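What follows is a set of notes on a single structure, which appears directly below.
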Amino acid sequence: MNRILDLLQERLGVFGSWGSIARVATWVAVWAVALAVVVAPRAPTPGDRERDPDVPPSDVRYLGPTSKQDLAGFLTPDARTDDPFVVAWIGGSEIKLREVSVAGEVAGRVSRFGGRPVQIDAYTLLAPRPIDAIRAVDAAVRDGADAIVVSINAVWLTDEWSMREWANLDVANLGSLFSALSTWPWALALTSPADVTWRVTRGVLPVVEAQNRLNGEAQDVVDALDVVDESGVDESGVDDGDGGADGAGAVVDVDPGDERDPRLPDDATSFWLVSEYGPAILDDTTERIAKMVDGLADDSPVADALNLRLVEDIEAAGIPAYLYVAPFSPEALADPDLAEAAEQVEAYWRGIAARVDSPIVTIEPGQLTARFADRARYLDIVHMADAGPFADVLTPELCANWRLAQPDRECA
């Protein structure tokens, strides 16, 4: 690369002066505009992001991100003509993992509120941070939601590491963190000049806006020409893919007859542990639990500030909202250390709940696991194999929250 730069500078005069740099920038802009005309990028659609259908089937609409490669925004849902009661459900893979959907199960249990058909629109991301939850709330309010549900992931919404590592999402900070003076310091700390440049150029040039989709199409062509079989599954049986559009990283398929550690089932959340601590972390379940507990107990000033901003935005929306800490599996809570960490999470969100002034905003800081533990089936610590029992518990909670704003109306 250095030789190429030397050649461009010394032999051809490129980048050798400010005038040269200006000419290169001008030609880049010209070609970007020309490509935008030739390629004619289309607007993203919900079909751009592959999803496994809910089982049992539901009419939940999964709105965002704009494509499976571009996580910087949420699609606006199509308007309905039957005046639905629109519920915006915000969360991560704990509400939608492959065919299992908490939102879908709730949609099958409540069809109308106050005579209006209930429409659940799910704003989901893999491992959403407070930043991402904030912009999901803002998008839901913009889209005209009548109620909001937020699944509080005990790790991602309080973790300093996720705040710093999910840099691919920071391009969205210009539309979220910079929108309120209270979060400007964190916006400046977490947003790089590259994020600003990408966001500005995307707004000006359609071909830049569509670059993730176009890159994906180019990759499809390359894959079609590639005769080498790279299935993505190694000899250990661990899928090293992304677990599907709403997956949560590598998932181990375990024979039901295999002996499993009762404290922590084989865990789809292991991907972030491996990213942070290396593959050896999976060799020792006790150490793995200890690191998980450390993640739950993080004390992050930026998370504190952004979670308060999240609640403030929800209160300002003036619509009923229900926030709940996503329940852990009974097996995980059987471990004393993890149960103690869950209590710390509850105390954290209880403190935030105490600052809520709106009578129509409900925060459930405690684990709801106990209410359906006898029927619970989990794939791991937070991902359910069957979301039905949890939906049985959650549905009346949501109806009660909606009735705070409209007490004369009923769920059906």
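Chain labels follow the order of the structure tokens: the first chain is A, the next B, and so on; residue numbering restarts at 1 in every chain, and ligands are counted from 1 in their shown order.
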Inset, instruction - List every residue of range 88-170 of chain A that DSSP, applied to the backbone, labels as helix (DSSP H, G or I), and write the result as a PyMOL selection string. - result: chain A and resi 102-107+130-142+160-165+167-170
Might you pull out every residue within 10 Å of Phe390 in chain A, with only C-alpha atoms counted and same-chain residues fewer than 2 positions away left off, and present them as a PDB file with C-alpha atoms, in the first residue's frame?
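Contents of around.pdb, freshly written:
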```
ATOM      1  CA  VAL A 102     -42.793 -13.338  22.479  1.00  0.00           C
ATOM      2  CA  GLU A 105     -47.418 -15.168  21.136  1.00  0.00           C
ATOM      3  CA  VAL A 106     -48.967 -12.060  22.718  1.00  0.00           C
ATOM      4  CA  PRO A 327     -36.850 -13.028  32.366  1.00  0.00           C
ATOM      5  CA  LEU A 368     -41.186 -12.429  35.905  1.00  0.00           C
ATOM      6  CA  THR A 369     -39.710 -15.935  35.676  1.00  0.00           C
ATOM      7  CA  ARG A 371     -44.821 -16.674  37.406  1.00  0.00           C
ATOM      8  CA  PHE A 372     -44.276 -19.305  34.709  1.00  0.00           C
ATOM      9  CA  ALA A 373     -41.199 -21.238  35.921  1.00  0.00           C
ATOM     10  CA  ARG A 375     -43.858 -24.308  32.387  1.00  0.00           C
ATOM     11  CA  ALA A 376     -40.731 -22.518  31.157  1.00  0.00           C
ATOM     12  CA  ARG A 377     -38.606 -24.004  28.384  1.00  0.00           C
ATOM     13  CA  MET A 384     -37.024 -19.249  25.123  1.00  0.00           C
ATOM     14  CA  ASP A 386     -41.482 -21.740  23.904  1.00  0.00           C
ATOM     15  CA  ALA A 387     -42.660 -18.166  24.498  1.00  0.00           C
ATOM     16  CA  GLY A 388     -46.273 -19.167  25.182  1.00  0.00           C
ATOM     17  CA  ASP A 392     -49.731 -15.893  29.297  1.00  0.00           C
ATOM     18  CA  VAL A 393     -48.159 -13.781  32.063  1.00  0.00           C
ATOM     19  CA  LEU A 394     -47.364 -10.726  29.975  1.00  0.00           C
ATOM     20  CA  THR A 395     -50.658 -10.245  28.127  1.00  0.00           C
TER      21      THR A 395
END
```
Inset, instruction - With a distance cut-off of 10 Å and only C-alpha atoms, select the neighbouring residues of Ile360 in chain A, excluding the residue or stretch itself and same-chain residues fewer than 4 positions from it, and output the selection as a list of chain:residue names. - result: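 Listing them by chain and then by number gives A:Ala147, A:Glu315, A:Gly318, A:Ile319, A:Pro320, A:Ala321, A:Tyr322, A:Val356, A:Ala400, A:Asn401, A:Trp402, A:Arg403, A:Leu404, A:Ala405, A:Gln406.
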With C-alpha atoms retained, export the selected residues as a short mmCIF file (atom, residue, chain, number, x, y, z; two decimals), in the first residue's frame.
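The resulting out_8.cif:
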```cif
data_model
loop_
_atom_site.label_atom_id
_atom_site.label_comp_id
_atom_site.auth_asym_id
_atom_site.auth_seq_id
_atom_site.Cartn_x
_atom_site.Cartn_y
_atom_site.Cartn_z
CA ALA A 147 -48.45 2.11 23.06
CA GLU A 315 -42.70 9.81 29.09
CA GLY A 318 -47.58 10.70 26.22
CA ILE A 319 -48.70 7.14 25.39
CA PRO A 320 -48.89 4.08 27.66
CA ALA A 321 -45.61 2.21 27.95
CA TYR A 322 -44.60 -1.02 29.67
CA VAL A 356 -40.93 8.11 36.52
CA ALA A 400 -53.61 -3.25 32.39
CA ASN A 401 -51.00 -0.75 31.19
CA TRP A 402 -53.07 0.28 28.17
CA ARG A 403 -56.12 0.79 30.39
CA LEU A 404 -54.16 3.32 32.48
CA ALA A 405 -54.62 5.72 29.58
CA GLN A 406 -58.11 4.52 28.57
#
```
May I have the residues within 8 Å of range 82-91 of chain A as a PDB file with N, CA and C atoms, in the first residue's frame, using only C-alpha atoms and disregarding those fewer than 4 positions away in the same chain?
```pdb
ATOM      1  N   ILE A  95     -36.844 -11.359  22.315  1.00  0.00           N
ATOM      2  CA  ILE A  95     -38.257 -11.315  21.952  1.00  0.00           C
ATOM      3  C   ILE A  95     -38.524 -11.971  20.598  1.00  0.00           C
ATOM      4  N   ALA A 103     -43.536 -11.470  21.102  1.00  0.00           N
ATOM      5  CA  ALA A 103     -44.536 -10.559  20.548  1.00  0.00           C
ATOM      6  C   ALA A 103     -45.589 -11.325  19.756  1.00  0.00           C
ATOM      7  N   ARG A 112     -57.969  -7.324  20.111  1.00  0.00           N
ATOM      8  CA  ARG A 112     -58.594  -6.011  20.055  1.00  0.00           C
ATOM      9  C   ARG A 112     -58.431  -5.297  21.392  1.00  0.00           C
ATOM     10  N   PHE A 113     -58.339  -3.980  21.308  1.00  0.00           N
ATOM     11  CA  PHE A 113     -58.354  -3.146  22.508  1.00  0.00           C
ATOM     12  C   PHE A 113     -59.289  -1.977  22.255  1.00  0.00           C
ATOM     13  N   ARG A 116     -60.699  -1.690  18.779  1.00  0.00           N
ATOM     14  CA  ARG A 116     -59.760  -1.511  17.675  1.00  0.00           C
ATOM     15  C   ARG A 116     -58.857  -2.733  17.556  1.00  0.00           C
ATOM     16  N   PRO A 117     -58.580  -3.193  16.343  1.00  0.00           N
ATOM     17  CA  PRO A 117     -57.673  -4.339  16.197  1.00  0.00           C
ATOM     18  C   PRO A 117     -56.265  -3.993  16.667  1.00  0.00           C
ATOM     19  N   VAL A 118     -55.654  -4.900  17.399  1.00  0.00           N
ATOM     20  CA  VAL A 118     -54.297  -4.682  17.899  1.00  0.00           C
ATOM     21  C   VAL A 118     -53.287  -5.080  16.824  1.00  0.00           C
ATOM     22  N   GLN A 119     -52.388  -4.153  16.495  1.00  0.00           N
ATOM     23  CA  GLN A 119     -51.298  -4.414  15.558  1.00  0.00           C
ATOM     24  C   GLN A 119     -49.974  -4.223  16.284  1.00  0.00           C
ATOM     25  N   ILE A 120     -49.180  -5.295  16.387  1.00  0.00           N
ATOM     26  CA  ILE A 120     -47.871  -5.200  17.030  1.00  0.00           C
ATOM     27  C   ILE A 120     -46.802  -4.991  15.965  1.00  0.00           C
ATOM     28  N   ASP A 121     -46.062  -3.901  16.104  1.00  0.00           N
ATOM     29  CA  ASP A 121     -44.914  -3.614  15.251  1.00  0.00           C
ATOM     30  C   ASP A 121     -43.654  -3.782  16.092  1.00  0.00           C
ATOM     31  N   ALA A 122     -42.788  -4.716  15.707  1.00  0.00           N
ATOM     32  CA  ALA A 122     -41.598  -5.027  16.497  1.00  0.00           C
ATOM     33  C   ALA A 122     -40.377  -4.320  15.911  1.00  0.00           C
ATOM     34  N   TYR A 123     -39.723  -3.522  16.744  1.00  0.00           N
ATOM     35  CA  TYR A 123     -38.476  -2.840  16.377  1.00  0.00           C
ATOM     36  C   TYR A 123     -37.345  -3.626  17.046  1.00  0.00           C
ATOM     37  N   THR A 124     -36.737  -4.516  16.298  1.00  0.00           N
ATOM     38  CA  THR A 124     -35.770  -5.422  16.902  1.00  0.00           C
ATOM     39  C   THR A 124     -34.379  -5.228  16.321  1.00  0.00           C
ATOM     40  N   LEU A 125     -33.400  -5.437  17.189  1.00  0.00           N
ATOM     41  CA  LEU A 125     -31.986  -5.450  16.822  1.00  0.00           C
ATOM     42  C   LEU A 125     -31.314  -6.562  17.612  1.00  0.00           C
ATOM     43  N   PRO A 128     -29.490  -4.842  21.398  1.00  0.00           N
ATOM     44  CA  PRO A 128     -29.648  -3.386  21.355  1.00  0.00           C
ATOM     45  C   PRO A 128     -29.102  -2.703  22.596  1.00  0.00           C
ATOM     46  N   ALA A 133     -32.223   1.534  21.647  1.00  0.00           N
ATOM     47  CA  ALA A 133     -33.581   1.566  22.183  1.00  0.00           C
ATOM     48  C   ALA A 133     -34.168   2.970  22.088  1.00  0.00           C
ATOM     49  N   ALA A 136     -35.246   3.526  18.576  1.00  0.00           N
ATOM     50  CA  ALA A 136     -36.424   2.712  18.294  1.00  0.00           C
ATOM     51  C   ALA A 136     -37.678   3.381  18.853  1.00  0.00           C
ATOM     52  N   VAL A 137     -37.569   3.916  20.071  1.00  0.00           N
ATOM     53  CA  VAL A 137     -38.697   4.654  20.654  1.00  0.00           C
ATOM     54  C   VAL A 137     -39.033   5.867  19.796  1.00  0.00           C
ATOM     55  N   ALA A 140     -40.802   4.734  16.728  1.00  0.00           N
ATOM     56  CA  ALA A 140     -42.169   4.286  17.016  1.00  0.00           C
ATOM     57  C   ALA A 140     -43.109   5.467  17.200  1.00  0.00           C
ATOM     58  N   GLY A 144     -46.405   6.809  14.812  1.00  0.00           N
ATOM     59  CA  GLY A 144     -47.769   6.897  15.322  1.00  0.00           C
ATOM     60  C   GLY A 144     -48.196   5.773  16.226  1.00  0.00           C
ATOM     61  N   ALA A 145     -47.263   5.170  16.977  1.00  0.00           N
ATOM     62  CA  ALA A 145     -47.627   4.089  17.891  1.00  0.00           C
ATOM     63  C   ALA A 145     -48.594   4.584  18.963  1.00  0.00           C
ATOM     64  N   ASP A 146     -49.514   3.708  19.376  1.00  0.00           N
ATOM     65  CA  ASP A 146     -50.467   4.021  20.439  1.00  0.00           C
ATOM     66  C   ASP A 146     -49.986   3.536  21.797  1.00  0.00           C
ATOM     67  N   ALA A 147     -49.017   2.631  21.818  1.00  0.00           N
ATOM     68  CA  ALA A 147     -48.454   2.107  23.062  1.00  0.00           C
ATOM     69  C   ALA A 147     -47.068   1.570  22.765  1.00  0.00           C
ATOM     70  N   ILE A 148     -46.250   1.496  23.800  1.00  0.00           N
ATOM     71  CA  ILE A 148     -44.868   1.035  23.656  1.00  0.00           C
ATOM     72  C   ILE A 148     -44.602  -0.072  24.659  1.00  0.00           C
ATOM     73  N   VAL A 149     -43.885  -1.100  24.222  1.00  0.00           N
ATOM     74  CA  VAL A 149     -43.387  -2.166  25.099  1.00  0.00           C
ATOM     75  C   VAL A 149     -41.878  -2.246  24.888  1.00  0.00           C
ATOM     76  N   VAL A 150     -41.117  -2.263  25.963  1.00  0.00           N
ATOM     77  CA  VAL A 150     -39.661  -2.363  25.862  1.00  0.00           C
ATOM     78  C   VAL A 150     -39.187  -3.561  26.675  1.00  0.00           C
ATOM     79  N   SER A 151     -38.497  -4.460  26.012  1.00  0.00           N
ATOM     80  CA  SER A 151     -37.851  -5.574  26.699  1.00  0.00           C
ATOM     81  C   SER A 151     -36.471  -5.111  27.156  1.00  0.00           C
ATOM     82  N   ILE A 152     -36.265  -5.091  28.468  1.00  0.00           N
ATOM     83  CA  ILE A 152     -34.985  -4.641  29.031  1.00  0.00           C
ATOM     84  C   ILE A 152     -34.049  -5.837  29.114  1.00  0.00           C
ATOM     85  N   ASN A 153     -33.044  -5.852  28.263  1.00  0.00           N
ATOM     86  CA  ASN A 153     -32.039  -6.905  28.334  1.00  0.00           C
ATOM     87  C   ASN A 153     -31.042  -6.534  29.421  1.00  0.00           C
TER      88      ASN A 153
END
```
Inset, instruction - Pick out the residues sitting within 9 Å of Asn307 in chain A, and hand them over as a VMD selection string; count only C-alpha atoms, and ignore anything fewer than 4 positions along from it in its own chain. - result: chain A and resid 130 to 131 133 to 134 157 to 158 302 to 303 311 to 312 352
Could you write out the selected residues, including N, CA and C atoms, as a PDB file, in the first residue's frame?
```
ATOM      1  N   PRO A 130     -28.757   1.023  24.910  1.00  0.00           N
ATOM      2  CA  PRO A 130     -29.692   2.113  25.189  1.00  0.00           C
ATOM      3  C   PRO A 130     -29.821   3.086  24.023  1.00  0.00           C
ATOM      4  N   ILE A 131     -28.695   3.349  23.320  1.00  0.00           N
ATOM      5  CA  ILE A 131     -28.741   4.229  22.158  1.00  0.00           C
ATOM      6  C   ILE A 131     -29.756   3.706  21.145  1.00  0.00           C
ATOM      7  N   ALA A 133     -32.223   1.534  21.647  1.00  0.00           N
ATOM      8  CA  ALA A 133     -33.581   1.566  22.183  1.00  0.00           C
ATOM      9  C   ALA A 133     -34.168   2.970  22.088  1.00  0.00           C
ATOM     10  N   ILE A 134     -33.337   3.984  22.314  1.00  0.00           N
ATOM     11  CA  ILE A 134     -33.802   5.373  22.203  1.00  0.00           C
ATOM     12  C   ILE A 134     -34.295   5.652  20.790  1.00  0.00           C
ATOM     13  N   LEU A 157     -28.382  -3.258  28.086  1.00  0.00           N
ATOM     14  CA  LEU A 157     -28.802  -1.910  28.437  1.00  0.00           C
ATOM     15  C   LEU A 157     -28.024  -1.317  29.609  1.00  0.00           C
ATOM     16  N   THR A 158     -27.076  -2.054  30.157  1.00  0.00           N
ATOM     17  CA  THR A 158     -26.260  -1.478  31.235  1.00  0.00           C
ATOM     18  C   THR A 158     -24.769  -1.702  31.015  1.00  0.00           C
ATOM     19  N   VAL A 302     -22.352   6.077  31.080  1.00  0.00           N
ATOM     20  CA  VAL A 302     -23.047   6.361  29.829  1.00  0.00           C
ATOM     21  C   VAL A 302     -24.366   5.600  29.770  1.00  0.00           C
ATOM     22  N   ALA A 303     -24.385   4.350  30.256  1.00  0.00           N
ATOM     23  CA  ALA A 303     -25.637   3.591  30.278  1.00  0.00           C
ATOM     24  C   ALA A 303     -26.651   4.254  31.197  1.00  0.00           C
ATOM     25  N   VAL A 311     -36.159   6.668  29.208  1.00  0.00           N
ATOM     26  CA  VAL A 311     -37.410   6.810  29.951  1.00  0.00           C
ATOM     27  C   VAL A 311     -38.013   8.199  29.738  1.00  0.00           C
ATOM     28  N   GLU A 312     -37.166   9.214  29.685  1.00  0.00           N
ATOM     29  CA  GLU A 312     -37.666  10.576  29.442  1.00  0.00           C
ATOM     30  C   GLU A 312     -38.362  10.672  28.086  1.00  0.00           C
ATOM     31  N   ILE A 352     -34.571   3.552  38.646  1.00  0.00           N
ATOM     32  CA  ILE A 352     -35.030   4.342  37.502  1.00  0.00           C
ATOM     33  C   ILE A 352     -36.553   4.486  37.534  1.00  0.00           C
TER      34      ILE A 352
END
```
Inset, instruction - Take CA of Ser93 in chain A and CA of Asp195 in chain A and report the distance between them in Å, one decimal. - result: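 Computing the Euclidean distance for CA of Ser93 in chain A and CA of Asp195 in chain A yields 25.4 Å.
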